[in-house]
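Structure below is input38.tsv: TSV, C-alpha atoms.
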```tsv
chain	number	residue	atom	x	y	z
A	405	MET	CA	74.72	102.19	72.01
A	406	ALA	CA	74.79	98.49	71.11
A	407	GLU	CA	78.54	98.68	70.61
A	408	PHE	CA	78.97	100.52	73.90
A	409	ARG	CA	76.83	98.01	75.82
A	410	ALA	CA	78.87	95.16	74.35
A	411	PHE	CA	82.06	96.96	75.37
A	412	LEU	CA	80.83	97.45	78.96
A	413	ALA	CA	79.74	93.82	79.26
A	414	TRP	CA	83.20	92.71	78.15
A	415	VAL	CA	85.39	95.19	80.07
A	416	THR	CA	83.54	94.64	83.37
A	417	GLY	CA	83.00	90.90	82.89
A	418	LYS	CA	85.09	87.74	82.92
A	419	GLU	CA	85.09	86.93	79.21
A	420	SER	CA	88.12	87.40	77.03
A	421	MET	CA	87.75	89.49	73.90
A	422	GLY	CA	87.63	86.35	71.78
A	423	GLU	CA	84.85	84.86	73.92
A	424	ALA	CA	82.86	88.10	73.85
A	425	ALA	CA	83.22	88.28	70.07
A	426	GLY	CA	82.22	84.63	69.61
A	427	ARG	CA	79.10	85.16	71.72
A	428	LEU	CA	78.08	87.97	69.35
A	429	GLY	CA	78.92	85.96	66.24
A	430	VAL	CA	81.82	88.13	65.03
A	431	THR	CA	85.57	87.73	64.90
A	432	ARG	CA	87.85	89.06	67.58
A	433	GLN	CA	89.37	91.62	65.21
A	434	THR	CA	85.91	92.88	64.22
A	435	PHE	CA	84.84	93.22	67.85
A	436	SER	CA	88.03	95.13	68.74
A	437	ALA	CA	87.57	97.52	65.83
A	438	ARG	CA	83.89	98.15	66.54
A	439	VAL	CA	84.42	99.00	70.22
A	440	ALA	CA	87.71	100.91	69.82
A	441	TRP	CA	85.94	104.26	70.19
A	442	CYS	CA	84.47	103.17	73.55
A	443	TRP	CA	87.87	103.59	75.22
A	444	ASN	CA	87.41	107.35	74.73
A	445	VAL	CA	84.42	107.44	77.12
A	446	GLU	CA	85.72	108.39	80.56
A	447	PRO	CA	83.59	107.44	83.59
A	448	GLY	CA	83.20	110.10	86.24
A	449	MET	CA	82.11	109.88	89.84
A	450	PRO	CA	78.78	111.63	90.47
A	451	ASP	CA	78.38	113.91	93.49
A	452	ASP	CA	77.22	112.18	96.66
A	453	PRO	CA	74.95	114.46	98.72
A	454	ARG	CA	74.66	111.97	101.60
A	455	THR	CA	76.38	112.24	104.98
A	456	HIS	CA	77.92	108.88	105.92
A	457	ARG	CA	78.37	107.58	109.47
A	458	TYR	CA	81.71	106.20	108.32
A	459	VAL	CA	83.89	106.09	105.23
A	460	MET	CA	86.78	103.82	104.29
A	461	ALA	CA	89.88	104.79	102.34
A	462	ASP	CA	92.56	102.57	100.87
A	463	GLY	CA	95.05	102.49	98.02
A	464	THR	CA	95.69	99.67	95.57
A	465	TYR	CA	98.87	99.49	93.48
A	466	VAL	CA	98.52	98.36	89.89
A	467	PRO	CA	100.94	97.73	86.99
A	468	TYR	CA	102.79	100.59	85.31
A	469	GLY	CA	103.51	102.20	88.71
A	470	TRP	CA	100.01	103.56	89.39
A	471	CYS	CA	98.14	103.64	92.70
A	472	LEU	CA	94.33	103.79	92.81
A	473	LEU	CA	92.87	105.50	95.89
A	474	VAL	CA	89.26	104.52	96.64
A	475	LEU	CA	86.84	106.00	99.16
A	476	THR	CA	83.67	104.09	100.04
A	477	GLY	CA	80.64	105.10	102.09
A	478	GLY	CA	78.67	103.33	104.77
A	479	ASP	CA	76.89	101.15	102.21
A	480	GLY	CA	80.21	99.83	100.89
A	481	ARG	CA	79.83	101.55	97.51
A	482	PRO	CA	82.54	103.83	96.08
A	483	ILE	CA	81.96	107.56	96.43
A	484	ALA	CA	85.33	108.84	95.16
A	485	TRP	CA	88.50	107.59	93.48
A	486	ARG	CA	91.76	109.06	92.27
A	487	TRP	CA	94.87	107.92	90.38
A	488	CYS	CA	98.25	108.79	91.90
A	489	ASP	CA	101.81	107.51	92.10
A	490	SER	CA	101.83	106.92	95.87
A	491	GLU	CA	99.59	107.16	98.94
A	492	SER	CA	100.79	110.64	99.84
A	493	LYS	CA	99.06	113.37	101.79
A	494	ALA	CA	98.60	115.47	98.65
A	495	ALA	CA	96.90	112.58	96.84
A	496	TYR	CA	94.52	111.86	99.72
A	497	LEU	CA	93.66	115.55	100.05
A	498	GLN	CA	92.31	115.50	96.50
A	499	LEU	CA	90.21	112.39	97.18
A	500	PRO	CA	87.47	113.61	99.57
A	501	LYS	CA	86.93	117.09	98.10
A	502	ARG	CA	83.26	116.52	97.32
A	503	VAL	CA	82.55	114.22	100.27
A	504	LYS	CA	80.73	115.64	103.28
A	505	ARG	CA	82.20	115.40	106.77
A	506	PRO	CA	81.76	111.76	107.90
A	507	GLY	CA	81.25	110.44	111.40
A	508	LEU	CA	84.31	108.13	111.36
A	509	PRO	CA	87.01	107.61	108.71
A	510	VAL	CA	88.51	104.10	108.72
A	511	CYS	CA	91.90	103.52	107.07
A	512	ASP	CA	94.93	101.27	107.18
A	513	GLY	CA	96.98	103.86	109.06
A	514	GLY	CA	99.12	105.26	106.25
A	515	ARG	CA	100.68	108.60	107.14
A	516	GLY	CA	99.29	110.28	104.03
A	517	CYS	CA	95.74	109.21	104.78
A	518	LEU	CA	95.92	110.18	108.46
A	519	ALA	CA	97.42	113.60	107.68
A	520	ALA	CA	94.83	114.30	104.99
A	521	ALA	CA	91.94	113.26	107.23
A	522	GLU	CA	93.19	115.48	110.03
A	523	ARG	CA	93.43	118.47	107.71
A	524	ARG	CA	90.25	117.92	105.69
A	525	TRP	CA	88.01	116.76	108.55
A	526	MET	CA	89.47	118.48	111.58
A	527	ASP	CA	88.55	117.04	115.01
A	528	VAL	CA	86.93	113.95	113.43
A	529	PRO	CA	88.15	110.74	115.16
A	530	VAL	CA	89.93	108.24	112.91
A	531	GLN	CA	89.85	104.46	113.27
A	532	ARG	CA	92.99	102.51	112.49
A	533	CYS	CA	92.25	99.16	110.82
A	534	LEU	CA	92.80	96.56	113.54
A	535	VAL	CA	93.52	93.83	110.99
A	536	HIS	CA	96.48	95.88	109.74
A	537	VAL	CA	97.63	96.34	113.34
A	538	LEU	CA	97.60	92.56	113.76
A	539	ARG	CA	99.56	92.15	110.52
A	540	ASN	CA	102.20	94.63	111.67
A	541	THR	CA	102.51	92.78	114.98
A	542	ARG	CA	102.97	89.48	113.15
A	543	VAL	CA	105.75	91.01	111.05
A	544	ASP	CA	107.63	91.93	114.23
A	545	LEU	CA	106.94	88.80	116.28
A	546	THR	CA	106.43	86.18	113.51
A	547	ASN	CA	103.58	83.67	113.76
A	548	ARG	CA	105.51	81.51	116.24
A	549	PRO	CA	107.45	83.62	118.74
A	550	ARG	CA	109.97	81.65	120.78
A	551	GLY	CA	109.76	83.58	124.02
A	552	GLU	CA	106.89	83.69	126.49
A	553	ALA	CA	106.64	87.48	126.19
A	554	GLY	CA	106.31	87.32	122.40
A	555	ARG	CA	103.66	84.59	122.52
A	556	GLY	CA	101.66	86.55	125.07
A	557	LEU	CA	101.77	89.78	123.06
A	558	LEU	CA	100.82	88.00	119.84
A	559	GLY	CA	97.84	86.44	121.62
A	560	LEU	CA	96.75	89.91	122.73
A	561	ALA	CA	97.05	91.19	119.14
A	562	ARG	CA	94.89	88.32	117.89
A	563	ARG	CA	92.22	89.07	120.48
A	564	LEU	CA	92.35	92.74	119.49
A	565	VAL	CA	90.46	92.13	116.24
A	566	ARG	CA	87.62	90.48	118.21
A	567	VAL	CA	86.92	93.56	120.35
A	568	THR	CA	83.46	94.94	119.58
A	569	THR	CA	82.37	97.03	122.59
A	570	ALA	CA	83.81	99.68	124.89
A	571	ASP	CA	83.80	97.24	127.82
A	572	GLU	CA	85.78	94.69	125.81
A	573	ALA	CA	88.22	97.43	124.82
A	574	THR	CA	88.74	98.36	128.48
A	575	ALA	CA	89.33	94.72	129.40
A	576	TRP	CA	91.83	94.34	126.54
A	577	LEU	CA	93.78	97.42	127.64
A	578	LYS	CA	93.93	96.00	131.16
A	579	GLU	CA	95.40	92.77	129.76
A	580	LEU	CA	97.98	94.79	127.84
A	581	ASN	CA	98.91	96.68	131.00
A	582	ASP	CA	99.21	93.40	132.94
A	583	TRP	CA	101.45	91.99	130.21
A	584	HIS	CA	103.72	95.00	130.50
A	585	GLY	CA	103.88	94.60	134.27
A	586	ARG	CA	105.07	90.99	133.89
A	587	HIS	CA	107.61	91.65	131.13
A	588	ASP	CA	108.83	95.18	131.87
A	589	ASP	CA	112.29	94.00	132.90
A	590	HIS	CA	112.45	91.82	129.78
A	591	LEU	CA	111.73	94.82	127.55
A	592	LYS	CA	114.49	96.88	129.24
A	593	GLU	CA	117.26	94.37	128.57
A	594	ARG	CA	120.19	95.83	126.67
A	595	THR	CA	123.07	94.40	124.67
A	596	VAL	CA	126.42	96.21	124.66
A	597	ALA	CA	128.85	96.18	121.78
A	598	LYS	CA	131.37	94.03	123.66
A	599	GLN	CA	128.80	91.23	123.99
A	600	ASP	CA	127.97	91.14	120.28
A	601	PRO	CA	130.56	93.05	118.22
A	602	MET	CA	129.31	91.62	114.90
A	603	HIS	CA	125.99	93.48	115.24
A	604	ALA	CA	127.33	96.67	116.80
A	605	ARG	CA	127.43	98.72	113.56
A	606	GLY	CA	129.00	101.62	115.42
A	607	ARG	CA	126.57	101.44	118.35
A	608	LYS	CA	127.67	101.21	121.97
A	609	TRP	CA	124.48	99.43	123.03
A	610	TRP	CA	121.01	98.54	121.76
A	611	TRP	CA	117.79	97.02	123.04
A	612	THR	CA	118.04	93.24	123.13
A	613	HIS	CA	114.43	92.69	122.13
A	614	GLU	CA	113.93	95.48	119.59
A	615	ARG	CA	111.11	93.80	117.65
A	616	LEU	CA	109.18	92.99	120.82
A	617	ARG	CA	109.52	96.59	122.00
A	618	ARG	CA	108.40	97.93	118.63
A	619	ALA	CA	105.29	95.73	118.61
A	620	TYR	CA	104.34	96.70	122.18
A	621	PHE	CA	104.94	100.42	121.91
A	622	ARG	CA	103.04	100.52	118.62
A	623	LEU	CA	99.93	99.37	120.46
A	624	VAL	CA	100.55	101.92	123.22
A	625	ARG	CA	101.09	104.73	120.74
A	626	LEU	CA	97.92	103.92	118.77
A	627	ASN	CA	95.85	103.81	121.94
A	628	ARG	CA	97.18	107.16	123.13
A	629	ALA	CA	96.43	108.67	119.71
A	630	GLY	CA	92.81	107.53	120.06
A	631	VAL	CA	92.77	105.52	116.80
A	632	LEU	CA	92.69	102.02	118.32
A	633	PHE	CA	89.16	101.95	119.73
A	634	ALA	CA	87.49	104.99	118.14
A	635	PHE	CA	84.89	102.70	116.57
A	636	CYS	CA	83.38	101.79	119.97
A	637	ASP	CA	83.68	105.20	121.62
A	638	PRO	CA	80.21	106.20	122.92
A	639	ALA	CA	80.82	109.78	121.77
A	640	VAL	CA	81.33	108.52	118.21
A	641	LEU	CA	78.49	105.98	118.24
A	642	LYS	CA	75.96	108.55	119.52
A	643	GLY	CA	73.32	105.90	119.97
A	644	GLY	CA	73.69	104.55	116.43
A	645	GLY	CA	74.54	101.06	115.26
A	646	PRO	CA	77.99	99.45	115.42
A	647	LEU	CA	80.88	100.90	113.44
A	648	PRO	CA	83.58	98.89	111.65
A	649	SER	CA	87.03	98.43	113.14
A	650	ALA	CA	88.73	97.26	109.92
A	651	THR	CA	88.75	98.00	106.19
A	652	ASN	CA	87.64	94.47	105.25
A	653	GLN	CA	84.47	95.84	103.67
A	654	LEU	CA	86.54	97.88	101.21
A	655	GLU	CA	89.32	95.39	100.55
A	656	GLY	CA	86.95	92.46	100.14
A	657	GLY	CA	84.41	94.50	98.18
A	658	VAL	CA	85.46	97.24	95.78
A	659	ASN	CA	89.20	96.50	95.78
A	660	ALA	CA	88.61	92.79	95.15
A	661	VAL	CA	86.28	93.50	92.22
A	662	VAL	CA	88.77	95.96	90.72
A	663	LYS	CA	91.65	93.50	91.00
A	664	ARG	CA	89.64	90.70	89.43
A	665	ALA	CA	88.65	92.99	86.54
A	666	LEU	CA	92.29	93.43	85.61
A	667	ASP	CA	93.05	89.74	86.08
A	668	HIS	CA	90.35	88.89	83.54
A	669	HIS	CA	91.84	91.28	80.96
A	670	ARG	CA	95.58	90.79	81.04
A	671	GLY	CA	97.74	92.41	78.36
A	672	LEU	CA	95.96	95.76	78.18
A	673	SER	CA	97.96	98.88	77.51
A	674	GLU	CA	98.59	101.35	80.31
A	675	GLU	CA	95.74	103.67	79.31
A	676	HIS	CA	93.30	100.83	78.77
A	677	MET	CA	94.26	99.22	82.06
A	678	ARG	CA	93.35	102.39	83.90
A	679	ARG	CA	90.07	102.76	81.99
A	680	CYS	CA	89.16	99.14	82.71
A	681	ARG	CA	89.52	99.72	86.46
A	682	GLU	CA	87.61	103.00	86.29
A	683	TRP	CA	84.64	101.25	84.68
A	684	ALA	CA	84.78	98.48	87.28
A	685	ILE	CA	84.53	101.08	90.07
A	686	TYR	CA	81.90	103.20	88.32
A	687	MET	CA	79.56	100.24	87.85
A	688	LEU	CA	79.70	99.67	91.64
A	689	THR	CA	78.37	103.14	92.46
A	690	GLU	CA	74.86	103.58	93.85
A	691	GLN	CA	73.16	104.58	90.57
A	692	PRO	CA	75.47	104.02	87.59
A	693	ASP	CA	74.19	105.38	84.28
A	694	PRO	CA	76.98	104.84	81.75
A	695	MET	CA	74.85	105.66	78.69
A	696	THR	CA	74.62	109.31	79.72
A	697	LEU	CA	78.40	109.61	79.51
A	698	VAL	CA	78.50	108.91	75.77
A	699	THR	CA	78.51	111.96	73.50
A	700	PRO	CA	78.51	112.15	69.67
A	701	GLU	CA	82.14	113.30	69.82
A	702	HIS	CA	83.09	109.87	71.15
A	703	TRP	CA	81.70	107.73	68.34
A	704	ARG	CA	81.89	110.16	65.39
A	705	THR	CA	85.67	110.02	65.38
A	706	ARG	CA	87.61	107.47	63.36
A	707	LYS	CA	87.88	104.06	65.00
A	708	GLY	CA	90.69	104.12	67.51
A	709	LYS	CA	91.21	107.88	67.21
A	710	PRO	CA	90.10	109.93	70.23
A	711	ALA	CA	88.46	113.30	69.65
A	712	GLY	CA	90.92	116.18	69.52
A	713	ASN	CA	93.95	113.95	68.92
A	714	ASP	CA	95.77	113.65	65.61
A	715	GLY	CA	97.16	110.22	66.40
A	716	PRO	CA	95.55	106.90	67.20
A	717	MET	CA	94.92	105.91	70.82
A	718	PRO	CA	97.71	103.66	72.12
A	719	GLY	CA	96.73	100.03	72.20
A	720	THR	CA	93.86	100.20	69.68
A	721	MET	CA	93.76	98.19	66.49
A	722	THR	CA	94.78	101.23	64.44
A	723	ALA	CA	97.91	101.79	66.49
A	724	VAL	CA	98.88	98.13	66.85
A	725	GLN	CA	98.55	97.22	63.19
A	726	GLU	CA	100.96	99.94	62.08
A	727	PRO	CA	104.46	98.59	61.29
A	728	THR	CA	106.74	99.05	64.30
A	729	ASP	CA	110.28	97.75	63.95
A	730	GLY	CA	109.16	94.43	62.55
A	731	VAL	CA	106.81	93.65	65.45
A	732	ASP	CA	103.57	91.96	64.43
A	733	ALA	CA	101.31	91.99	67.46
A	734	TYR	CA	97.86	93.00	68.65
A	735	GLU	CA	96.22	94.09	71.88
A	736	SER	CA	95.31	91.46	74.51
A	737	GLY	CA	98.09	89.29	73.11
A	738	PHE	CA	101.74	90.27	72.84
A	739	GLY	CA	100.83	93.92	72.26
A	740	ILE	CA	103.09	96.90	71.79
A	741	ARG	CA	103.89	98.57	75.09
```

Please render this file's structure as structure tokens.
Amino acid sequence: MAEFRAFLAWVTGKESMGEAAGRLGVTRQTFSARVAWCWNVEPGMPDDPRTHRYVMADGTYVPYGWCLLVLTGGDGRPIAWRWCDSESKAAYLQLPKRVKRPGLPVCDGGRGCLAAAERRWMDVPVQRCLVHVLRNTRVDLTNRPRGEAGRGLLGLARRLVRVTTADEATAWLKELNDWHGRHDDHLKERTVAKQDPMHARGRKWWWTHERLRRAYFRLVRLNRAGVLFAFCDPAVLKGGGPLPSATNQLEGGVNAVVKRALDHHRGLSEEHMRRCREWAIYMLTEQPDPMTLVTPEHWRTRKGKPAGNDGPMPGTMTAVQEPTDGVDAYESGFGIR
């Protein structure tokens, strides 16, 4: 248990392995060998019996081509996670299996997440993250649009993230409608191939202001789908407190902690990198109890050798110190990959 507690303090903290070993009065090699068996302990997410007013879902891409999907509850703590290769519908469908039907899912608007939410929680309104909507608008219009129409639409997108009530949402939609009334002719302008043959690419004509049209009609499409202002809909609020309109709580909370955990422990192998992030998430749950996850099968095995495996675990001292084509390296330095 002392070895496991030292391992948890190091893998979820900011210290390097050398600093953690020096604090305990041992060498780095001794510390690595003593805690090698701890990598075999796999954290699992406990069942959450609560019903949340809202949940947030997001994916974070990490080295080695992995994507970590995280689902948090109304208190900002993780309630489910899953490793996958992309934010697909199949991956998101596996994420909320043990999560009860929430009042409002909030996501960044990925197609996989939206499709999974519609299938798993049918007829539950979904809130599109308004910060991501603003980012998408900036990509189309840039931060300094040249035309008056672009500057006006970007200003509307910036005010979108400050909407908090149903009345403010109604006023914002009226402003968007007024903007369209002023610039409708501008949006309908076309360019024919004879005017610009270098950009024709086999087309006879195209919209002159394609990016402006895409930014505007994105806002219209999201509003018609009911995902732009679901967070302030009286039918969703049902007399309760305010609901979030963005995934900032997740990205600035759990995702930020998970990213920092990997930044503090660069050079880990693929398997250890994943385990490091799993422990970072598990320790953020409502009632983490890591000691109950340790079984005699974990620590009775040879150092660096997981139970039920004839070979050493990749990245441990046992595996690294074996001769490999003349490479002399160790984990957390220039380790074998």

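Closest approach to Arg625 of chain A among A:Arg563, A:Lys504, A:Arg481, A:Arg532: A:Arg532, based on all atoms listed in the file.
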
Write out as a PyMOL selection string which residues come within 8 Å of Thr416 of chain A when counting only C-alpha atoms, dropping same-chain ones fewer than 3 positions away. chain A and resi 412-413+665+680+683-684

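In this model, the gap between atom CA of Gly469 of chain A and atom CA of Tyr496 of chain A comes to 17.2 Å.
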
Please check which residues have atoms at most 9 Å from (119.2, 96.8, 128.0) in the file's coordinates, counting all atoms listed in the file, and write them as a PDB file with C-alpha atoms, in the frame of the given file.
```
ATOM      1  CA  ASP A 589     112.290  94.000 132.900  1.00  0.00           C
ATOM      2  CA  HIS A 590     112.450  91.820 129.780  1.00  0.00           C
ATOM      3  CA  LEU A 591     111.730  94.820 127.550  1.00  0.00           C
ATOM      4  CA  LYS A 592     114.490  96.880 129.240  1.00  0.00           C
ATOM      5  CA  GLU A 593     117.260  94.370 128.570  1.00  0.00           C
ATOM      6  CA  ARG A 594     120.190  95.830 126.670  1.00  0.00           C
ATOM      7  CA  THR A 595     123.070  94.400 124.670  1.00  0.00           C
ATOM      8  CA  VAL A 596     126.420  96.210 124.660  1.00  0.00           C
ATOM      9  CA  TRP A 609     124.480  99.430 123.030  1.00  0.00           C
ATOM     10  CA  TRP A 610     121.010  98.540 121.760  1.00  0.00           C
ATOM     11  CA  TRP A 611     117.790  97.020 123.040  1.00  0.00           C
ATOM     12  CA  THR A 612     118.040  93.240 123.130  1.00  0.00           C
ATOM     13  CA  HIS A 613     114.430  92.690 122.130  1.00  0.00           C
TER      14      HIS A 613
END
```

Give me, as a Markdown table, each residue of segment 553-609 of chain A that comes within 7 Å of segment 636-640 of chain A, together with its shortest interatomic pair and the distance in Å at one decimal, counting only C-alpha atoms, with rows ordered by chain and rising residue number.
```
| residue | atom | partner | partner_atom | distance |
| --- | --- | --- | --- | --- |
| A:Thr568 | CA | A:Cys636 | CA | 6.9 |
| A:Thr569 | CA | A:Cys636 | CA | 5.5 |
| A:Ala570 | CA | A:Cys636 | CA | 5.4 |
```

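With all atoms listed in the file as the atoms that count, the residue of A:Leu497, A:Val698, A:Ala604, A:Ala634 with the shortest distance to Gly448 of chain A is A:Val698.
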
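Of note, atom CA of Ile483 of chain A and atom CA of Arg457 of chain A are spaced 13.5 Å apart.
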
Just give me the gap between atom CA of Ala619 of chain A and atom CA of Leu558 of chain A in Å, one decimal is fine. 9.0 Å

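If you measure from each of A:Val543, A:Ala553, A:Ala520, A:Met421 to Gly671 of chain A using all atoms listed in the file, the closest one turns out to be A:Met421.
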
Please provide the set of residues having any atom within 12 Å of Glu423 of chain A, restricted to all atoms listed in the file, with same-chain residues fewer than 2 positions apart removed, written as a list in words. Ala410, Ala413, Trp414, Gly417, Lys418, Glu419, Ser420, Met421, Ala425, Gly426, Arg427, Leu428, Gly429, Val430, Thr431, Arg432, Gln433, Phe435, Ser436, His668 and His669 of chain A

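Distance annotation: of A:Leu641, A:Val624, A:Cys488, A:Val631, the residue with the minimal separation from Tyr465 of chain A is A:Cys488; atom set is all atoms listed in the file.
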
Select, from A:His676, A:Lys608, A:Arg618, A:His702, the residue with the minimum atom-to-atom distance to Arg542 of chain A, counting all atoms listed in the file. A:Arg618

For Asn659 of chain A, list every protein, DNA or RNA residue within 12 Å, evaluated using all atoms listed in the file, and leave out those in the same chain fewer than 2 positions away; present the list as a PyMOL selection string. chain A and resi 460-466+471-476+480-482+485+651-657+661-666+681-682+684-685+688

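Using all atoms listed in the file, the nearest neighbour of Leu545 of chain A within the list A:Leu616, A:Ala629, A:Cys442, A:Ala561 is A:Leu616.
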
For the structure just given, write the atoms of segment 508-519 of chain A, namely N, CA, C and O atoms, as a PDB file, in the first residue's frame.
```
ATOM      1  N   LEU A 508     -30.350  17.866 -19.855  1.00  0.00           N
ATOM      2  CA  LEU A 508     -29.815  18.584 -21.020  1.00  0.00           C
ATOM      3  C   LEU A 508     -28.376  18.152 -21.270  1.00  0.00           C
ATOM      4  O   LEU A 508     -27.503  18.441 -20.452  1.00  0.00           O
ATOM      5  N   PRO A 509     -28.087  17.481 -22.370  1.00  0.00           N
ATOM      6  CA  PRO A 509     -26.693  17.222 -22.756  1.00  0.00           C
ATOM      7  C   PRO A 509     -26.101  18.455 -23.442  1.00  0.00           C
ATOM      8  O   PRO A 509     -26.755  19.090 -24.261  1.00  0.00           O
ATOM      9  N   VAL A 510     -24.876  18.788 -23.090  1.00  0.00           N
ATOM     10  CA  VAL A 510     -24.161  19.919 -23.692  1.00  0.00           C
ATOM     11  C   VAL A 510     -22.909  19.361 -24.362  1.00  0.00           C
ATOM     12  O   VAL A 510     -22.131  18.641 -23.723  1.00  0.00           O
ATOM     13  N   CYS A 511     -22.702  19.688 -25.635  1.00  0.00           N
ATOM     14  CA  CYS A 511     -21.547  19.162 -26.363  1.00  0.00           C
ATOM     15  C   CYS A 511     -21.070  20.203 -27.368  1.00  0.00           C
ATOM     16  O   CYS A 511     -21.691  21.242 -27.553  1.00  0.00           O
ATOM     17  N   ASP A 512     -19.941  19.879 -28.000  1.00  0.00           N
ATOM     18  CA  ASP A 512     -19.350  20.825 -28.947  1.00  0.00           C
ATOM     19  C   ASP A 512     -19.985  20.747 -30.325  1.00  0.00           C
ATOM     20  O   ASP A 512     -19.582  21.483 -31.236  1.00  0.00           O
ATOM     21  N   GLY A 513     -20.940  19.854 -30.524  1.00  0.00           N
ATOM     22  CA  GLY A 513     -21.653  19.788 -31.791  1.00  0.00           C
ATOM     23  C   GLY A 513     -21.120  18.780 -32.771  1.00  0.00           C
ATOM     24  O   GLY A 513     -21.528  18.788 -33.943  1.00  0.00           O
ATOM     25  N   GLY A 514     -20.221  17.874 -32.321  1.00  0.00           N
ATOM     26  CA  GLY A 514     -19.743  16.838 -33.225  1.00  0.00           C
ATOM     27  C   GLY A 514     -20.875  15.915 -33.657  1.00  0.00           C
ATOM     28  O   GLY A 514     -21.782  15.609 -32.891  1.00  0.00           O
ATOM     29  N   ARG A 515     -20.813  15.465 -34.901  1.00  0.00           N
ATOM     30  CA  ARG A 515     -21.897  14.639 -35.432  1.00  0.00           C
ATOM     31  C   ARG A 515     -22.051  13.345 -34.643  1.00  0.00           C
ATOM     32  O   ARG A 515     -23.162  12.869 -34.414  1.00  0.00           O
ATOM     33  N   GLY A 516     -20.932  12.744 -34.227  1.00  0.00           N
ATOM     34  CA  GLY A 516     -21.009  11.503 -33.474  1.00  0.00           C
ATOM     35  C   GLY A 516     -21.713  11.680 -32.150  1.00  0.00           C
ATOM     36  O   GLY A 516     -22.550  10.859 -31.764  1.00  0.00           O
ATOM     37  N   CYS A 517     -21.412  12.769 -31.465  1.00  0.00           N
ATOM     38  CA  CYS A 517     -22.032  13.030 -30.164  1.00  0.00           C
ATOM     39  C   CYS A 517     -23.514  13.320 -30.315  1.00  0.00           C
ATOM     40  O   CYS A 517     -24.351  12.816 -29.550  1.00  0.00           O
ATOM     41  N   LEU A 518     -23.886  14.131 -31.301  1.00  0.00           N
ATOM     42  CA  LEU A 518     -25.286  14.479 -31.505  1.00  0.00           C
ATOM     43  C   LEU A 518     -26.108  13.250 -31.894  1.00  0.00           C
ATOM     44  O   LEU A 518     -27.223  13.049 -31.392  1.00  0.00           O
ATOM     45  N   ALA A 519     -25.550  12.413 -32.772  1.00  0.00           N
ATOM     46  CA  ALA A 519     -26.278  11.208 -33.192  1.00  0.00           C
ATOM     47  C   ALA A 519     -26.443  10.231 -32.039  1.00  0.00           C
ATOM     48  O   ALA A 519     -27.500   9.611 -31.881  1.00  0.00           O
TER      49      ALA A 519
END
```
